[in-house]
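Student: Supplied in structure tokens, the structure appears directly below.
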Protein chains: 2
Amino acid sequence: MSTIEEIARNMKESSAEMAASDVEKRNRALVMIGDSLREHAEEIFKMNDRDMEAAASNGVAEAVVKRLKFDGHKLDDVCAGLDMLRKLPDPLGRVTMNRDLDEGLNLQRITCPIGVIGVIFEARPDALVQIASLCVKSGNCAILKGGKETVNTNRILFRLIHDSVVKAGLPEGCLNQAESHAEIDELLKCDKYVDLLIPRGSNAFVRYIMDNTKIPVMGHADGICHIYVDEDCDQEMAIRVILDAKTQYTAACNAVETLLVHKNIAKEFLPKLAKALTDENVKMRGTTDVAGAVDGDTVELITENDFDTEYLALTVGVKTVEDLDEAIRHINIHGSHHTDSIITNDDEKAARFMQMVDSAGVYHNCSTRFSDGFRYGFGAEVGISTGKIHARGPVGLAGLTTYKYKLYGHGQIVGDYATGKKKFHHVEKQ
Amino acid sequence: MSTIEEIARNMKESSAEMAASDVEKRNRALVMIGDSLREHAEEIFKMNDRDMEAAASNGVAEAVVKRLKFDGHKLDDVCAGLDMLRKLPDPLGRVTMNRDLDEGLNLQRITCPIGVIGVIFEARPDALVQIASLCVKSGNCAILKGGKETVNTNRILFRLIHDSVVKAGLPEGCLNQAESHAEIDELLKCDKYVDLLIPRGSNAFVRYIMDNTKIPVMGHADGICHIYVDEDCDQEMAIRVILDAKTQYTAACNAVETLLVHKNIAKEFLPKLAKALTDENVKMRGTTDVAGAVDGDTVELITENDFDTEYLALTVGVKTVEDLDEAIRHINIHGSHHTDSIITNDDEKAARFMQMVDSAGVYHNCSTRFSDGFRYGFGAEVGISTGKIHARGPVGLAGLTTYKYKLYGHGQIVGDYATGKKKFHHVEKQ
């Protein structure tokens, strides 16, 4: 068996061929993957049952076990995603700049794949299909490492995907699967051959990847999202949005963790908020004035450290602020630059909030939970980036491409321009 | 005096204000910088003389001393650059996506500055002006650390730039200068506050930065550029382009280091090439067949290691190849993904070369030396990126921006879409 380094080196070599593959071939691969998954549905479910049983008998937490499940419903989702992805335009070969530097010296900037991508994810076998298909559509080669909890499901999914891709005419070496945990550390060292790492999993997991490799990493560790409730707002809307952002999927990275409430409406708004949250079993942690505004002992006192915590649970931090600017400052200091929302009727305040808050998603009058590749219409996402370099927010096909500059000449040399014999004219072309 | 960490933390706070500054203010700052530099020209030159004298008496190599010079000619260049930059459109606030996710739920992707940028450069005081002005135009805050060889020149340039920027109405804390070498290591640790590092200097210097920080680094270490001379080409053009690429500015990262020659023309082409190179004092290192094709002992034997070497001198490696594909493979393995050129009359071969070579610049029938922000018409460049993440090739204003997603709603919650009560329609808007 080959080492990860050998696999990565070979993949690097075949990445040129993958980059040159036409979109018909890549789309055909997506169709064949979907067909093959449906055709082998029973086999996949059987393998997934095996993983579920092993997880149950190993005492894996129920919340995690739920994420391991790959059933008919998940298969439908995955196939719908493949179909949507196939319909999206080719992200490669797009001319994003076309400029004559001089007569007969034409510069074009053309989109192309990044090359070799390492994807490391915990649990969620549907993520394997989603990410592999995004890499195929964007002409990237990928080394996939799934979680050990779904080793049987991942193995059959990978085999079906790989067979389909090769049958569609793409290079044999464009996809590879790593199975042992030791291979992660091997992969992290392959900075000569791997262009980008995409980890999907817990904060600690992503942080470990980021801290132990020289390869660029795209993703997010924390998701500490805020909702700021302005004094001039529709309070019922605020409560509806807050409940959705906190409870619709509590374990999501775009769930809200801290609420900032303008002090002028604290007395009126907080009791209503407390009732709504309590009805949904959400625990409040608040500053002393928050506790004072709410009856009884509903509110636990919040610590400074809580403001930097992603609860991922039915708990929410609540703080009153003097004004909009204090809210902005709080978010920029304590937030994770993921997604933050303002609830206000004042468009100017909304504009200021959306300008000054330094996050990938800045929202006005809606739930932070919208921050997602499917909801944005990207077909799928490889993850959500809280970094500001390369791609930000939900990352779909565009985030998996880069570009190169092609310069077409007729023997031009720089010397002629340096001596003034010739001059650049820089004319944009259509 | 503040520590670098304090400076970076404060800068992070004022970066929101800088991001919100209007382009008139930023352009005004560029005008005022130019005026101020001209007004204080004699002072600047005097400070530069002091640096030059110190360098000479410290036995700094002549090639380096030349780069330290800041005279009337450099001042003209710098002011022309400022003027060109001012005329470029605002890179901020551009709407690069505008999509209704549903009725009354509008998503926009808007360009914005990266935030806080650390720029570390050796020598070349004109780089300080160029990079500071690019940061100003793109709404970024910057910590600038110049080389100690030009400490006096840098100090006065920075003071004039900073005074102008503040007078133009931009925040006091948007630019800062670090002076002591120890501060570099301090800066490398500020991953909480600094969004991007841009090092400009020798390979070893850039490599050191990359290896010692968690902050994303944009730049290039090596520049190992190739020219492939196809069997079907204008050989005189090939020689003219090669001489330009090797000798026009030998110390540049886009100078050519290795020539690959199709074996079918070796006997005819190599003697002509050898004569042309010898006339320009360029030494050839070649494979045995290259040596065999050339009279006398003009060609030194090349080692495998030479193919991975950036000579930055009047030396060039020469190798014959079986065909186009061997040339492509050689470049992808030994190159530094900077800039590579093919000389051929065959457009199909050129297209294959430009598709398959995995470099930021892939050229047809012209010199590798064109790879440069000014020549591409970017106004200026902060450097050339050989990475594939974020920005590739010469990096101008666009490479100093990122984007954020703004979502405008009317109380929408994800729950309604998850339950099927509402549906996304994803309609692009103009």
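Letters A, B, ... go to the chains of the structure tokens in the order shown; residues in each chain start at 1; ligands are counted from 1 in the same order.
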What parts of range 9-143 of chain A does DSSP call helix (DSSP H, G or I)? I'd like the answer as a PyMOL selection string.
Tutor: chain A and resi 9-20+23-39+41-57+62-68+72-87+125-137
Student: With DSSP run on the backbone, what are the strand (DSSP E or B) residues within range 27-177 of chain B? I'd like them as a PyMOL selection string.
Tutor: chain B and resi 95-102+105-113+116-121+141-145+175-177
Student: Find the residues of chain B that sit at most 7 Å from chain A; for each, write down the nearest two atoms and how far apart they are in Å, to one decimal. Count only C-alpha atoms. Sort by chain, then by number going up, and give it as a Markdown table.
Tutor:
```
| residue | atom | partner | partner_atom | distance |
| --- | --- | --- | --- | --- |
| B:Ala16 | CA | A:Met356 | CA | 5.1 |
| B:Ala20 | CA | A:Gln355 | CA | 6.5 |
| B:Leu101 | CA | A:Tyr376 | CA | 6.7 |
| B:Ile114 | CA | A:Lys388 | CA | 6.3 |
| B:Met237 | CA | A:Gly411 | CA | 5.5 |
| B:Val241 | CA | A:Ile413 | CA | 5.8 |
| B:Asp244 | CA | A:Ile413 | CA | 5.9 |
| B:Gln248 | CA | A:Gly415 | CA | 6.1 |
| B:Met354 | CA | A:Lys406 | CA | 6.9 |
| B:Gln355 | CA | A:Ala20 | CA | 6.5 |
| B:Met356 | CA | A:Ala16 | CA | 5.1 |
| B:Ser359 | CA | A:Lys404 | CA | 6.8 |
| B:Ala360 | CA | A:Lys404 | CA | 4.8 |
| B:Gly361 | CA | A:Tyr405 | CA | 4.8 |
| B:Val362 | CA | A:Lys406 | CA | 5.1 |
| B:Tyr363 | CA | A:Leu407 | CA | 4.7 |
| B:His364 | CA | A:Tyr408 | CA | 4.9 |
| B:Asn365 | CA | A:Gly411 | CA | 5.0 |
| B:Cys366 | CA | A:Gly411 | CA | 4.8 |
| B:Ser367 | CA | A:Ile413 | CA | 5.3 |
| B:Arg369 | CA | A:Val414 | CA | 6.1 |
| B:Phe370 | CA | A:Val414 | CA | 6.2 |
| B:Tyr376 | CA | A:Leu101 | CA | 6.7 |
| B:Gly377 | CA | A:His426 | CA | 6.2 |
| B:Lys388 | CA | A:Thr402 | CA | 6.2 |
| B:Ile389 | CA | A:His390 | CA | 5.6 |
| B:His390 | CA | A:His390 | CA | 3.5 |
| B:Arg392 | CA | A:Lys404 | CA | 6.9 |
| B:Thr402 | CA | A:Lys388 | CA | 6.2 |
| B:Tyr403 | CA | A:Arg392 | CA | 6.9 |
| B:Lys404 | CA | A:Ala360 | CA | 4.8 |
| B:Tyr405 | CA | A:Gly361 | CA | 4.7 |
| B:Lys406 | CA | A:Val362 | CA | 5.0 |
| B:Leu407 | CA | A:Tyr363 | CA | 4.6 |
| B:Tyr408 | CA | A:His364 | CA | 4.9 |
| B:Gly409 | CA | A:Asn365 | CA | 5.0 |
| B:His410 | CA | A:Asn365 | CA | 5.3 |
| B:Gly411 | CA | A:Cys366 | CA | 4.8 |
| B:Gln412 | CA | A:Cys366 | CA | 4.9 |
| B:Ile413 | CA | A:Ser367 | CA | 5.3 |
| B:Val414 | CA | A:Arg369 | CA | 6.1 |
| B:Gly415 | CA | A:Gln248 | CA | 6.1 |
| B:His426 | CA | A:Gly377 | CA | 6.2 |
```
Student: I'd like the interatomic distance between CA of Lys422 in chain A and CA of Gln235 in chain B, to a tenth of an Å.
Tutor: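 We find that CA of Lys422 in chain A and CA of Gln235 in chain B lie 22.3 Å from each other.
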Student: Record the distance separating CA of Pro89 in chain A and CA of Thr111 in chain A, expressed in Å with one decimal.
Tutor: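 About the pair CA of Pro89 in chain A and CA of Thr111 in chain A: they are 12.7 Å apart.
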Student: Quick one: everything within 12 Å of range 83-85 of chain B, counting only C-alpha atoms, minus sequence neighbours fewer than 5 positions away in the same chain. Send it as a PyMOL selection string.
Tutor: chain B and resi 23+26-35+76-78+90-91+129-138+373-374+377-381+396-397
Student: Quote the spacing between CA of His262 in chain A and CA of Glu310 in chain A in Å to one decimal place.
Tutor: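 According to the coordinates, CA of His262 in chain A and CA of Glu310 in chain A are separated by 22.2 Å.
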Student: My list of candidates is B:Ile224, B:Met11, B:Ile143, B:Ala178. Which is closest to Asn254 in chain B when distances are computed with only C-alpha atoms?
Tutor: B:Ile224
